[in-house]
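Just input_16.cif here, mmCIF, C-alpha atoms:
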data_coords
#
loop_
_atom_site.label_atom_id
_atom_site.label_comp_id
_atom_site.auth_asym_id
_atom_site.auth_seq_id
_atom_site.Cartn_x
_atom_site.Cartn_y
_atom_site.Cartn_z
CA MET A 1 -27.41 11.25 -11.55
CA ASN A 2 -25.54 12.54 -8.53
CA GLY A 3 -23.76 10.19 -6.17
CA SER A 4 -24.38 10.22 -2.45
CA LEU A 5 -22.31 10.06 0.71
CA ILE A 6 -21.67 6.67 2.23
CA PRO A 7 -21.86 6.38 6.05
CA VAL A 8 -18.39 6.64 7.60
CA ALA A 9 -18.53 3.25 9.36
CA GLU A 10 -19.39 1.55 6.08
CA ALA A 11 -16.65 3.41 4.18
CA ARG A 12 -14.14 2.56 6.89
CA GLU A 13 -14.96 -1.12 6.53
CA LYS A 14 -14.38 -0.96 2.78
CA LEU A 15 -10.97 0.60 3.45
CA ILE A 16 -9.66 -2.38 5.42
CA LEU A 17 -7.41 -3.10 2.42
CA VAL A 18 -5.78 0.34 2.73
CA PHE A 19 -5.33 0.18 6.51
CA GLY A 20 -4.25 -3.47 6.33
CA ARG A 21 -1.47 -2.89 3.79
CA ARG A 22 1.71 -3.10 5.87
CA SER A 23 5.37 -3.56 4.96
CA ILE A 24 5.97 -7.31 5.13
CA ARG A 25 9.62 -8.33 5.04
CA ALA A 26 9.50 -12.09 5.89
CA TYR A 27 8.34 -14.58 3.30
CA ALA A 28 7.64 -18.31 3.15
CA PRO A 29 8.55 -20.21 -0.04
CA GLY A 30 5.75 -20.42 -2.59
CA GLU A 31 4.95 -19.62 -6.18
CA ILE A 32 3.02 -16.52 -7.20
CA PRO A 33 0.81 -17.40 -10.19
CA GLU A 34 0.97 -15.24 -13.32
CA ALA A 35 -2.74 -14.40 -12.96
CA THR A 36 -2.06 -12.88 -9.54
CA LEU A 37 0.83 -10.79 -10.88
CA GLN A 38 -1.39 -9.65 -13.73
CA LEU A 39 -4.02 -8.42 -11.24
CA LEU A 40 -1.34 -6.48 -9.34
CA LEU A 41 -0.17 -4.81 -12.55
CA GLU A 42 -3.74 -3.98 -13.58
CA ALA A 43 -4.23 -2.29 -10.21
CA ALA A 44 -0.95 -0.39 -10.55
CA MET A 45 -1.94 0.91 -13.98
CA ALA A 46 -5.34 2.05 -12.65
CA ALA A 47 -3.55 4.94 -10.87
CA PRO A 48 -3.95 8.46 -12.20
CA SER A 49 -0.97 10.01 -14.01
CA ALA A 50 -0.10 13.59 -14.90
CA ALA A 51 -1.67 14.48 -18.27
CA GLY A 52 -2.45 10.76 -18.68
CA LYS A 53 1.13 10.03 -19.77
CA ASP A 54 1.42 6.71 -17.86
CA PRO A 55 5.24 6.84 -17.80
CA TRP A 56 5.50 3.71 -15.62
CA HIS A 57 7.22 0.40 -16.42
CA PHE A 58 7.43 -2.78 -14.38
CA VAL A 59 10.28 -5.28 -14.57
CA ILE A 60 9.20 -8.64 -13.11
CA VAL A 61 12.06 -10.68 -11.71
CA ARG A 62 11.61 -14.34 -10.76
CA GLN A 63 15.10 -15.83 -11.29
CA PRO A 64 16.71 -16.48 -7.88
CA ASP A 65 20.15 -15.37 -9.08
CA ARG A 66 18.86 -12.02 -10.27
CA LEU A 67 16.81 -11.55 -7.08
CA ARG A 68 20.01 -12.13 -5.08
CA GLN A 69 21.89 -9.59 -7.21
CA LEU A 70 19.14 -7.01 -6.68
CA ALA A 71 19.16 -7.74 -2.93
CA ALA A 72 22.91 -7.08 -2.88
CA ALA A 73 22.43 -3.78 -4.75
CA LEU A 74 19.80 -2.41 -2.31
CA PRO A 75 21.05 -1.76 1.24
CA HIS A 76 17.66 -2.48 2.86
CA GLY A 77 16.58 -5.00 0.25
CA GLN A 78 18.01 -8.23 1.65
CA MET A 79 14.52 -9.76 1.76
CA LEU A 80 14.48 -9.73 -2.07
CA ALA A 81 16.71 -12.82 -1.88
CA GLN A 82 13.85 -14.69 -0.10
CA ALA A 83 11.05 -13.15 -2.19
CA SER A 84 9.14 -15.20 -4.77
CA VAL A 85 9.02 -12.21 -7.11
CA GLY A 86 10.65 -8.80 -7.27
CA ILE A 87 9.17 -5.94 -9.26
CA ILE A 88 11.34 -3.00 -10.17
CA VAL A 89 9.12 0.01 -10.88
CA CYS A 90 10.66 2.45 -13.34
CA GLY A 91 9.57 5.63 -15.08
CA ASP A 92 10.42 6.71 -18.62
CA LEU A 93 11.51 10.33 -18.47
CA SER A 94 10.98 10.75 -22.21
CA VAL A 95 7.29 9.87 -21.71
CA ALA A 96 6.61 11.68 -18.39
CA HIS A 97 4.55 14.89 -18.60
CA ASP A 98 6.83 17.70 -19.75
CA ARG A 99 9.79 15.33 -19.12
CA GLN A 100 9.66 16.31 -15.43
CA ILE A 101 11.16 13.90 -12.89
CA SER A 102 8.61 15.25 -10.37
CA TYR A 103 5.67 13.96 -12.42
CA LEU A 104 7.49 10.69 -13.09
CA LEU A 105 7.93 10.15 -9.34
CA GLN A 106 4.36 11.15 -8.49
CA ASP A 107 2.86 8.90 -11.19
CA CYS A 108 5.01 5.90 -10.31
CA SER A 109 4.38 6.31 -6.57
CA ALA A 110 0.59 6.33 -7.03
CA ALA A 111 0.94 3.15 -9.13
CA ILE A 112 3.24 1.57 -6.51
CA GLU A 113 0.72 2.24 -3.72
CA ASN A 114 -2.05 0.63 -5.81
CA LEU A 115 0.22 -2.36 -6.46
CA LEU A 116 0.96 -2.77 -2.74
CA ILE A 117 -2.75 -2.61 -1.89
CA ALA A 118 -3.44 -5.22 -4.58
CA ALA A 119 -0.70 -7.46 -3.20
CA HIS A 120 -2.37 -7.30 0.20
CA ALA A 121 -5.76 -8.05 -1.39
CA ALA A 122 -4.24 -11.13 -3.02
CA GLY A 123 -2.89 -12.41 0.31
CA LEU A 124 0.73 -11.53 -0.50
CA GLY A 125 3.26 -9.74 1.66
CA ALA A 126 5.12 -6.85 0.02
CA CYS A 127 7.63 -4.15 0.82
CA TRP A 128 8.59 -0.88 -0.95
CA LEU A 129 12.39 -0.66 -1.33
CA GLY A 130 13.80 2.75 -2.18
CA ILE A 131 16.04 3.20 -5.23
CA HIS A 132 15.63 6.81 -6.50
CA PRO A 133 17.38 9.22 -5.75
CA ARG A 134 20.39 7.14 -4.55
CA PRO A 135 22.99 7.22 -7.38
CA ASP A 136 24.70 3.97 -6.34
CA ARG A 137 21.43 2.01 -6.25
CA MET A 138 20.20 3.55 -9.50
CA THR A 139 23.43 2.73 -11.33
CA ALA A 140 23.49 -0.87 -10.07
CA VAL A 141 19.84 -1.52 -11.00
CA HIS A 142 20.25 0.18 -14.37
CA LYS A 143 23.04 -2.22 -15.20
CA LEU A 144 21.44 -5.38 -13.76
CA LEU A 145 18.21 -4.85 -15.70
CA ALA A 146 19.75 -3.31 -18.86
CA LEU A 147 17.52 -0.24 -18.59
CA PRO A 148 17.53 2.32 -21.43
CA ALA A 149 19.16 5.69 -20.70
CA ASP A 150 15.90 7.62 -20.21
CA VAL A 151 14.44 5.04 -17.80
CA VAL A 152 14.68 5.85 -14.08
CA PRO A 153 14.35 3.04 -11.52
CA VAL A 154 12.12 4.39 -8.72
CA CYS A 155 11.78 1.47 -6.30
CA GLY A 156 11.85 -2.27 -5.88
CA ILE A 157 8.93 -4.26 -4.50
CA SER A 158 9.54 -7.63 -2.85
CA LEU A 159 6.61 -10.06 -3.00
CA GLY A 160 6.05 -13.37 -1.27
CA ILE A 161 3.81 -15.52 0.87
CA PRO A 162 3.79 -13.59 4.17
CA ALA A 163 5.66 -15.25 7.05
CA GLU A 164 4.70 -12.46 9.46
CA GLN A 165 1.36 -10.89 10.32
CA ARG A 166 0.90 -7.17 11.02
CA GLU A 167 -2.25 -5.46 12.23
CA PRO A 168 -4.10 -2.79 10.21
CA ARG A 169 -3.25 0.73 11.36
CA THR A 170 -2.90 4.39 10.46
CA ARG A 171 -0.16 6.76 11.54
CA TYR A 172 -2.72 9.61 11.56
CA ASN A 173 -1.20 12.64 13.24
CA PRO A 174 -3.40 15.68 13.98
CA ALA A 175 -0.30 17.93 13.80
CA CYS A 176 -0.25 17.23 10.05
CA VAL A 177 -3.76 18.63 9.52
CA HIS A 178 -4.28 22.37 8.98
CA ARG A 179 -7.43 24.43 8.48
CA GLU A 180 -7.81 27.03 5.72
CA THR A 181 -4.14 28.04 6.00
CA TRP A 182 -1.02 26.63 7.62
CA MET B 183 1.67 -18.47 10.92
CA ASN B 184 2.14 -17.97 7.20
CA GLY B 185 -0.49 -16.27 5.11
CA SER B 186 -1.94 -17.83 2.00
CA LEU B 187 -2.80 -16.78 -1.52
CA ILE B 188 -6.31 -15.53 -2.18
CA PRO B 189 -8.01 -16.66 -5.43
CA VAL B 190 -7.61 -14.02 -8.16
CA ALA B 191 -11.35 -13.54 -8.75
CA GLU B 192 -11.89 -12.86 -5.04
CA ALA B 193 -8.92 -10.47 -4.85
CA ARG B 194 -10.17 -8.65 -7.95
CA GLU B 195 -13.55 -8.13 -6.34
CA LYS B 196 -11.92 -6.63 -3.25
CA LEU B 197 -10.04 -4.21 -5.52
CA ILE B 198 -13.19 -2.62 -6.92
CA LEU B 199 -12.27 0.48 -4.87
CA VAL B 200 -8.93 0.77 -6.68
CA PHE B 201 -10.36 0.20 -10.16
CA GLY B 202 -13.39 2.39 -9.40
CA ARG B 203 -11.35 5.41 -8.31
CA ARG B 204 -11.64 7.82 -11.23
CA SER B 205 -10.95 11.53 -11.64
CA ILE B 206 -14.30 13.21 -10.98
CA ARG B 207 -14.45 16.88 -11.95
CA ALA B 208 -18.18 17.73 -11.65
CA TYR B 209 -19.75 18.18 -8.23
CA ALA B 210 -23.23 18.76 -6.83
CA PRO B 211 -23.61 21.05 -3.82
CA GLY B 212 -23.46 19.28 -0.46
CA GLU B 213 -21.59 19.28 2.81
CA ILE B 214 -18.80 16.83 3.57
CA PRO B 215 -18.98 15.90 7.28
CA GLU B 216 -15.83 16.23 9.42
CA ALA B 217 -15.98 12.50 10.22
CA THR B 218 -15.70 11.69 6.51
CA LEU B 219 -12.72 14.02 6.08
CA GLN B 220 -11.12 12.42 9.13
CA LEU B 221 -11.44 8.96 7.52
CA LEU B 222 -9.82 10.26 4.33
CA LEU B 223 -6.88 11.67 6.31
CA GLU B 224 -6.50 8.44 8.29
CA ALA B 225 -6.30 6.53 5.01
CA ALA B 226 -3.76 9.02 3.60
CA MET B 227 -1.54 8.62 6.65
CA ALA B 228 -1.70 4.82 6.40
CA ALA B 229 0.64 5.04 3.39
CA PRO B 230 4.25 3.92 3.73
CA SER B 231 6.94 6.63 3.86
CA ALA B 232 10.70 6.53 3.36
CA ALA B 233 12.40 5.74 6.70
CA GLY B 234 8.99 6.33 8.36
CA LYS B 235 9.48 10.10 8.22
CA ASP B 236 5.84 10.89 7.32
CA PRO B 237 6.72 14.30 5.84
CA TRP B 238 3.14 14.95 4.65
CA HIS B 239 0.78 17.78 5.65
CA PHE B 240 -2.80 18.42 4.61
CA VAL B 241 -4.40 21.86 4.44
CA ILE B 242 -8.21 21.54 4.45
CA VAL B 243 -9.96 24.41 2.71
CA ARG B 244 -13.73 24.90 3.03
CA GLN B 245 -14.17 28.68 2.65
CA PRO B 246 -15.67 29.42 -0.81
CA ASP B 247 -13.51 32.52 -1.27
CA ARG B 248 -10.30 30.62 -0.65
CA LEU B 249 -11.46 27.75 -2.89
CA ARG B 250 -12.03 30.29 -5.67
CA GLN B 251 -8.57 31.77 -5.14
CA LEU B 252 -7.00 28.31 -5.34
CA ALA B 253 -9.01 27.54 -8.48
CA ALA B 254 -7.66 30.72 -10.06
CA ALA B 255 -4.08 29.74 -9.14
CA LEU B 256 -4.27 26.26 -10.72
CA PRO B 257 -4.70 26.21 -14.52
CA HIS B 258 -6.64 22.91 -14.54
CA GLY B 259 -8.22 23.45 -11.13
CA GLN B 260 -11.35 25.39 -12.01
CA MET B 261 -13.52 22.67 -10.42
CA LEU B 262 -12.12 23.68 -7.01
CA ALA B 263 -14.51 26.63 -7.14
CA GLN B 264 -17.45 24.15 -7.19
CA ALA B 265 -15.89 21.68 -4.72
CA SER B 266 -17.22 21.29 -1.16
CA VAL B 267 -13.68 20.88 0.15
CA GLY B 268 -10.18 21.32 -1.24
CA ILE B 269 -7.18 19.61 0.30
CA ILE B 270 -3.71 20.89 -0.49
CA VAL B 271 -1.19 18.12 0.12
CA CYS B 272 2.25 19.41 1.10
CA GLY B 273 5.54 17.89 2.18
CA ASP B 274 7.97 19.29 4.72
CA LEU B 275 11.45 19.08 3.20
CA SER B 276 13.07 19.48 6.63
CA VAL B 277 11.32 16.27 7.76
CA ALA B 278 11.61 14.18 4.55
CA HIS B 279 14.18 11.36 4.62
CA ASP B 280 17.63 12.86 4.04
CA ARG B 281 15.87 16.12 3.04
CA GLN B 282 15.39 14.68 -0.47
CA ILE B 283 12.60 16.11 -2.61
CA SER B 284 12.37 12.68 -4.31
CA TYR B 285 11.31 10.97 -1.05
CA LEU B 286 8.98 13.85 -0.23
CA LEU B 287 7.22 13.40 -3.59
CA GLN B 288 7.08 9.60 -3.31
CA ASP B 289 5.70 9.69 0.26
CA CYS B 290 3.10 12.36 -0.50
CA SER B 291 2.01 10.63 -3.71
CA ALA B 292 1.39 7.32 -1.94
CA ALA B 293 -0.67 9.22 0.68
CA ILE B 294 -2.58 11.08 -2.06
CA GLU B 295 -3.49 7.82 -3.81
CA ASN B 296 -4.79 6.39 -0.51
CA LEU B 297 -6.80 9.57 0.07
CA LEU B 298 -8.35 9.36 -3.41
CA ILE B 299 -9.30 5.71 -2.86
CA ALA B 300 -10.84 6.64 0.50
CA ALA B 301 -12.81 9.47 -1.11
CA HIS B 302 -14.25 6.97 -3.58
CA ALA B 303 -15.05 4.57 -0.72
CA ALA B 304 -16.95 7.39 1.01
CA GLY B 305 -19.03 8.10 -2.09
CA LEU B 306 -17.18 11.33 -2.93
CA GLY B 307 -15.82 12.49 -6.25
CA ALA B 308 -12.21 13.70 -6.24
CA CYS B 309 -9.51 14.90 -8.62
CA TRP B 310 -5.70 15.22 -8.29
CA LEU B 311 -4.59 18.70 -9.40
CA GLY B 312 -0.88 19.12 -10.08
CA ILE B 313 1.09 21.85 -8.30
CA HIS B 314 4.74 20.67 -8.01
CA PRO B 315 7.03 21.29 -9.95
CA ARG B 316 5.34 24.36 -11.56
CA PRO B 317 6.98 27.46 -10.00
CA ASP B 318 4.00 29.76 -10.66
CA ARG B 319 1.51 27.40 -9.02
CA MET B 320 3.83 26.68 -6.08
CA THR B 321 4.42 30.38 -5.41
CA ALA B 322 0.72 31.23 -5.57
CA VAL B 323 -0.30 28.37 -3.24
CA HIS B 324 2.55 29.14 -0.86
CA LYS B 325 1.26 32.66 -0.47
CA LEU B 326 -2.47 31.81 -0.31
CA LEU B 327 -1.95 29.23 2.45
CA ALA B 328 0.91 31.01 4.29
CA LEU B 329 3.14 27.93 4.01
CA PRO B 330 6.50 27.90 5.84
CA ALA B 331 9.64 28.13 3.67
CA ASP B 332 10.52 24.40 3.89
CA VAL B 333 7.00 23.24 2.99
CA VAL B 334 6.44 22.18 -0.62
CA PRO B 335 2.89 22.07 -2.02
CA VAL B 336 2.63 18.86 -4.09
CA CYS B 337 -0.97 18.82 -5.31
CA GLY B 338 -4.50 19.96 -4.69
CA ILE B 339 -7.41 17.57 -4.32
CA SER B 340 -10.95 18.74 -5.09
CA LEU B 341 -13.71 16.89 -3.24
CA GLY B 342 -17.46 16.96 -3.67
CA ILE B 343 -20.66 15.00 -4.17
CA PRO B 344 -20.11 13.48 -7.62
CA ALA B 345 -22.26 14.93 -10.42
CA GLU B 346 -20.81 12.51 -12.97
CA GLN B 347 -20.38 8.73 -12.95
CA ARG B 348 -17.37 6.96 -14.41
CA GLU B 349 -16.90 3.23 -14.83
CA PRO B 350 -14.14 1.25 -13.09
CA ARG B 351 -11.18 0.58 -15.37
CA THR B 352 -7.47 -0.02 -15.71
CA ARG B 353 -5.11 1.42 -18.31
CA TYR B 354 -3.08 -1.82 -18.19
CA ASN B 355 -0.62 -1.86 -21.06
CA PRO B 356 1.41 -5.01 -21.75
CA ALA B 357 4.17 -2.87 -23.33
CA CYS B 358 4.89 -1.56 -19.81
CA VAL B 359 5.63 -5.06 -18.44
CA HIS B 360 9.10 -6.58 -18.80
CA ARG B 361 10.50 -9.96 -17.77
CA GLU B 362 13.80 -10.37 -15.90
CA THR B 363 15.39 -7.43 -17.76
CA TRP B 364 14.15 -4.59 -19.96
#
Please lay out the structure from this file as structure tokens.
Amino acid sequence: MNGSLIPVAEAREKLILVFGRRSIRAYAPGEIPEATLQLLLEAAMAAPSAAGKDPWHFVIVRQPDRLRQLAAALPHGQMLAQASVGIIVCGDLSVAHDRQISYLLQDCSAAIENLLIAAHAAGLGACWLGIHPRPDRMTAVHKLLALPADVVPVCGISLGIPAEQREPRTRYNPACVHRETW
Amino acid sequence: MNGSLIPVAEAREKLILVFGRRSIRAYAPGEIPEATLQLLLEAAMAAPSAAGKDPWHFVIVRQPDRLRQLAAALPHGQMLAQASVGIIVCGDLSVAHDRQISYLLQDCSAAIENLLIAAHAAGLGACWLGIHPRPDRMTAVHKLLALPADVVPVCGISLGIPAEQREPRTRYNPACVHRETW
């Protein structure tokens, strides 16, 4: 049976989760239950991956000392010290399609976006903190988390009870849309 | 005002769009209205990007001849010839944060995942077709779409009225989850 188009207004309403996902950098204290984390990871691993290789890994950090060490290792990651949970998203180059860093980054980034949307759905605030391709950040995180040689840290995600509210939005720019050719 | 946690069952229900987004490769004939495409692009450009650089570009292809040429250029992209619309997602290296291909790929991949979720929300079937880092595919797409030198084609997305149904799922794998350290 073929599917059918859904009216735009209805589809837009369903996408409130996507438009409402914003970078939240201020957190109130509060536990994040394991069941909530599990949902976030299930959403992350629902992303597509090149040749179905699923090269992603997720290191969940709850210990305040380790969160502070990660915050110190990431120049824009100070909020990790206030976060309830940090997740370091990594890719295993030995598993990525054709061992290509490009596929590893694409697969992990799709999973990260799903995870951020899921965090918003669960009422959490989250922020994507860049690690790859900065050598200093990669080396520090590699050491702090005892990552194997083939494992590439891609980003950190800080998670907490949001202490700021941000409105849904898009940064849609018509200059980025082309027809038929550039 | 601080936010608050949403019960897991409720959050899971809201995430049906994320779990229901599957790679759909069979399409029935049918037009995709401009307003629907616009919604997909708004969702894509709601993704986060490194240092807010938004290096992404989207080339919308509707002409059957050009769709067939793209299908011929992409080894696993034959379904583009049956698609109502193809979108080639590109990144502008001269705009990407610090001119790093890593950030370009991460930013575009987050936007692609949003676009795929939006396609599912709109009742469309869609599939992510790899282009980067394959030199032959990149060269062919560059030429077909007359891309500027600094613009990197990342992937193609085929879009159409779905002629197959796939169940929501996750590929959650507990071996990909680590605690505190690897």
Point to revise | Check: which chain A residues lie within 6 Å of chain B using only C-alpha atoms, as a PyMOL selection string | key: chain A and resi 2-6+8+11+19+36+42+45-46+57-61+106+109-110+113+121-123+145-147+162-163+170-172+176-182
Here's a check: after a least-squares fit over all in-order C-alpha atoms, write chain B in the frame of chain A, as a short mmCIF file (atom, residue, chain, number, x, y, z; two decimals) with C-alpha atoms, keeping the file's coordinate frame.
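part06.cif written:
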data_model
loop_
_atom_site.label_atom_id
_atom_site.label_comp_id
_atom_site.auth_asym_id
_atom_site.auth_seq_id
_atom_site.Cartn_x
_atom_site.Cartn_y
_atom_site.Cartn_z
CA MET B 183 -27.43 11.27 -11.54
CA ASN B 184 -25.53 12.55 -8.54
CA GLY B 185 -23.77 10.20 -6.18
CA SER B 186 -24.36 10.22 -2.46
CA LEU B 187 -22.31 10.07 0.70
CA ILE B 188 -21.67 6.67 2.22
CA PRO B 189 -21.87 6.37 6.04
CA VAL B 190 -18.40 6.64 7.61
CA ALA B 191 -18.52 3.25 9.36
CA GLU B 192 -19.37 1.53 6.07
CA ALA B 193 -16.65 3.42 4.17
CA ARG B 194 -14.13 2.55 6.89
CA GLU B 195 -14.94 -1.12 6.54
CA LYS B 196 -14.36 -0.96 2.78
CA LEU B 197 -10.95 0.60 3.46
CA ILE B 198 -9.66 -2.39 5.42
CA LEU B 199 -7.39 -3.09 2.41
CA VAL B 200 -5.78 0.34 2.73
CA PHE B 201 -5.33 0.17 6.51
CA GLY B 202 -4.25 -3.48 6.34
CA ARG B 203 -1.47 -2.88 3.80
CA ARG B 204 1.71 -3.12 5.85
CA SER B 205 5.38 -3.56 4.95
CA ILE B 206 5.96 -7.31 5.12
CA ARG B 207 9.62 -8.35 5.04
CA ALA B 208 9.50 -12.09 5.89
CA TYR B 209 8.34 -14.59 3.29
CA ALA B 210 7.64 -18.32 3.15
CA PRO B 211 8.54 -20.21 -0.02
CA GLY B 212 5.75 -20.43 -2.58
CA GLU B 213 4.95 -19.62 -6.17
CA ILE B 214 3.03 -16.52 -7.19
CA PRO B 215 0.80 -17.40 -10.18
CA GLU B 216 0.98 -15.23 -13.32
CA ALA B 217 -2.73 -14.40 -12.96
CA THR B 218 -2.06 -12.87 -9.54
CA LEU B 219 0.83 -10.79 -10.87
CA GLN B 220 -1.39 -9.66 -13.73
CA LEU B 221 -4.02 -8.42 -11.24
CA LEU B 222 -1.34 -6.49 -9.34
CA LEU B 223 -0.17 -4.80 -12.56
CA GLU B 224 -3.74 -3.97 -13.58
CA ALA B 225 -4.24 -2.29 -10.21
CA ALA B 226 -0.94 -0.39 -10.55
CA MET B 227 -1.95 0.92 -13.97
CA ALA B 228 -5.34 2.05 -12.65
CA ALA B 229 -3.56 4.93 -10.88
CA PRO B 230 -3.95 8.47 -12.19
CA SER B 231 -0.98 10.02 -14.02
CA ALA B 232 -0.10 13.60 -14.91
CA ALA B 233 -1.68 14.48 -18.29
CA GLY B 234 -2.46 10.74 -18.69
CA LYS B 235 1.12 10.03 -19.77
CA ASP B 236 1.41 6.72 -17.86
CA PRO B 237 5.22 6.84 -17.80
CA TRP B 238 5.50 3.71 -15.61
CA HIS B 239 7.22 0.39 -16.42
CA PHE B 240 7.43 -2.78 -14.37
CA VAL B 241 10.28 -5.28 -14.57
CA ILE B 242 9.19 -8.64 -13.11
CA VAL B 243 12.07 -10.66 -11.71
CA ARG B 244 11.61 -14.33 -10.76
CA GLN B 245 15.09 -15.83 -11.29
CA PRO B 246 16.71 -16.48 -7.87
CA ASP B 247 20.14 -15.37 -9.09
CA ARG B 248 18.86 -12.03 -10.29
CA LEU B 249 16.82 -11.56 -7.09
CA ARG B 250 20.02 -12.12 -5.10
CA GLN B 251 21.89 -9.59 -7.23
CA LEU B 252 19.15 -7.02 -6.68
CA ALA B 253 19.17 -7.74 -2.94
CA ALA B 254 22.91 -7.09 -2.89
CA ALA B 255 22.44 -3.78 -4.74
CA LEU B 256 19.81 -2.42 -2.32
CA PRO B 257 21.06 -1.75 1.24
CA HIS B 258 17.66 -2.46 2.86
CA GLY B 259 16.58 -5.00 0.25
CA GLN B 260 18.01 -8.22 1.64
CA MET B 261 14.51 -9.76 1.76
CA LEU B 262 14.48 -9.74 -2.07
CA ALA B 263 16.71 -12.81 -1.89
CA GLN B 264 13.87 -14.68 -0.10
CA ALA B 265 11.05 -13.15 -2.19
CA SER B 266 9.13 -15.21 -4.77
CA VAL B 267 9.02 -12.22 -7.11
CA GLY B 268 10.65 -8.80 -7.27
CA ILE B 269 9.16 -5.96 -9.26
CA ILE B 270 11.34 -3.00 -10.17
CA VAL B 271 9.12 0.01 -10.87
CA CYS B 272 10.66 2.45 -13.34
CA GLY B 273 9.57 5.63 -15.09
CA ASP B 274 10.42 6.70 -18.61
CA LEU B 275 11.51 10.34 -18.47
CA SER B 276 10.96 10.75 -22.22
CA VAL B 277 7.27 9.87 -21.72
CA ALA B 278 6.60 11.67 -18.39
CA HIS B 279 4.55 14.88 -18.62
CA ASP B 280 6.84 17.70 -19.76
CA ARG B 281 9.80 15.34 -19.12
CA GLN B 282 9.67 16.32 -15.43
CA ILE B 283 11.16 13.91 -12.90
CA SER B 284 8.62 15.26 -10.36
CA TYR B 285 5.66 13.95 -12.42
CA LEU B 286 7.49 10.69 -13.09
CA LEU B 287 7.94 10.15 -9.33
CA GLN B 288 4.35 11.16 -8.49
CA ASP B 289 2.85 8.90 -11.20
CA CYS B 290 5.01 5.90 -10.30
CA SER B 291 4.38 6.33 -6.58
CA ALA B 292 0.60 6.34 -7.02
CA ALA B 293 0.95 3.15 -9.13
CA ILE B 294 3.23 1.57 -6.50
CA GLU B 295 0.72 2.26 -3.72
CA ASN B 296 -2.05 0.63 -5.80
CA LEU B 297 0.21 -2.36 -6.45
CA LEU B 298 0.96 -2.75 -2.73
CA ILE B 299 -2.75 -2.61 -1.88
CA ALA B 300 -3.45 -5.22 -4.57
CA ALA B 301 -0.71 -7.47 -3.19
CA HIS B 302 -2.38 -7.30 0.21
CA ALA B 303 -5.76 -8.05 -1.39
CA ALA B 304 -4.23 -11.14 -3.01
CA GLY B 305 -2.89 -12.41 0.31
CA LEU B 306 0.73 -11.53 -0.49
CA GLY B 307 3.28 -9.75 1.66
CA ALA B 308 5.12 -6.86 0.00
CA CYS B 309 7.64 -4.14 0.82
CA TRP B 310 8.60 -0.87 -0.95
CA LEU B 311 12.40 -0.67 -1.31
CA GLY B 312 13.80 2.75 -2.17
CA ILE B 313 16.04 3.19 -5.22
CA HIS B 314 15.63 6.80 -6.48
CA PRO B 315 17.37 9.21 -5.75
CA ARG B 316 20.39 7.14 -4.54
CA PRO B 317 22.98 7.22 -7.37
CA ASP B 318 24.69 3.97 -6.33
CA ARG B 319 21.43 2.01 -6.24
CA MET B 320 20.19 3.54 -9.51
CA THR B 321 23.43 2.72 -11.33
CA ALA B 322 23.49 -0.87 -10.07
CA VAL B 323 19.84 -1.52 -11.00
CA HIS B 324 20.27 0.17 -14.36
CA LYS B 325 23.05 -2.22 -15.20
CA LEU B 326 21.45 -5.39 -13.76
CA LEU B 327 18.21 -4.85 -15.70
CA ALA B 328 19.75 -3.32 -18.87
CA LEU B 329 17.52 -0.24 -18.59
CA PRO B 330 17.53 2.32 -21.43
CA ALA B 331 19.18 5.69 -20.70
CA ASP B 332 15.90 7.62 -20.20
CA VAL B 333 14.44 5.03 -17.80
CA VAL B 334 14.67 5.85 -14.09
CA PRO B 335 14.34 3.04 -11.52
CA VAL B 336 12.12 4.39 -8.71
CA CYS B 337 11.78 1.47 -6.30
CA GLY B 338 11.85 -2.27 -5.88
CA ILE B 339 8.94 -4.26 -4.51
CA SER B 340 9.55 -7.63 -2.85
CA LEU B 341 6.62 -10.06 -2.99
CA GLY B 342 6.06 -13.37 -1.27
CA ILE B 343 3.79 -15.51 0.88
CA PRO B 344 3.78 -13.59 4.16
CA ALA B 345 5.66 -15.24 7.04
CA GLU B 346 4.69 -12.46 9.45
CA GLN B 347 1.34 -10.87 10.31
CA ARG B 348 0.89 -7.18 11.00
CA GLU B 349 -2.24 -5.45 12.22
CA PRO B 350 -4.10 -2.79 10.21
CA ARG B 351 -3.26 0.73 11.34
CA THR B 352 -2.91 4.38 10.46
CA ARG B 353 -0.17 6.78 11.53
CA TYR B 354 -2.73 9.62 11.57
CA ASN B 355 -1.21 12.65 13.24
CA PRO B 356 -3.40 15.68 13.98
CA ALA B 357 -0.31 17.94 13.80
CA CYS B 358 -0.25 17.22 10.05
CA VAL B 359 -3.77 18.62 9.51
CA HIS B 360 -4.29 22.36 8.99
CA ARG B 361 -7.45 24.42 8.48
CA GLU B 362 -7.81 27.04 5.73
CA THR B 363 -4.13 28.05 6.01
CA TRP B 364 -1.01 26.63 7.64
#
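Relative to atom CA of B:Asp318, atom CA of B:Met261 is found at 18.9 Å.
Atom CA of A:Asp150 to atom CA of A:Arg137 spans 16.0 Å [interatomic distance, one decimal].
In this model, the gap between atom CA of A:Pro64 and atom CA of A:Arg166 comes to 26.3 Å.
Excluding A:Ala71 itself and any same-chain residue fewer than 6 positions from it, the protein and nucleic acid residues within 9 Å of it, counting all atoms listed in the file, are Gly77, Gln78, Met79, Leu80 and Ala81 of chain A.
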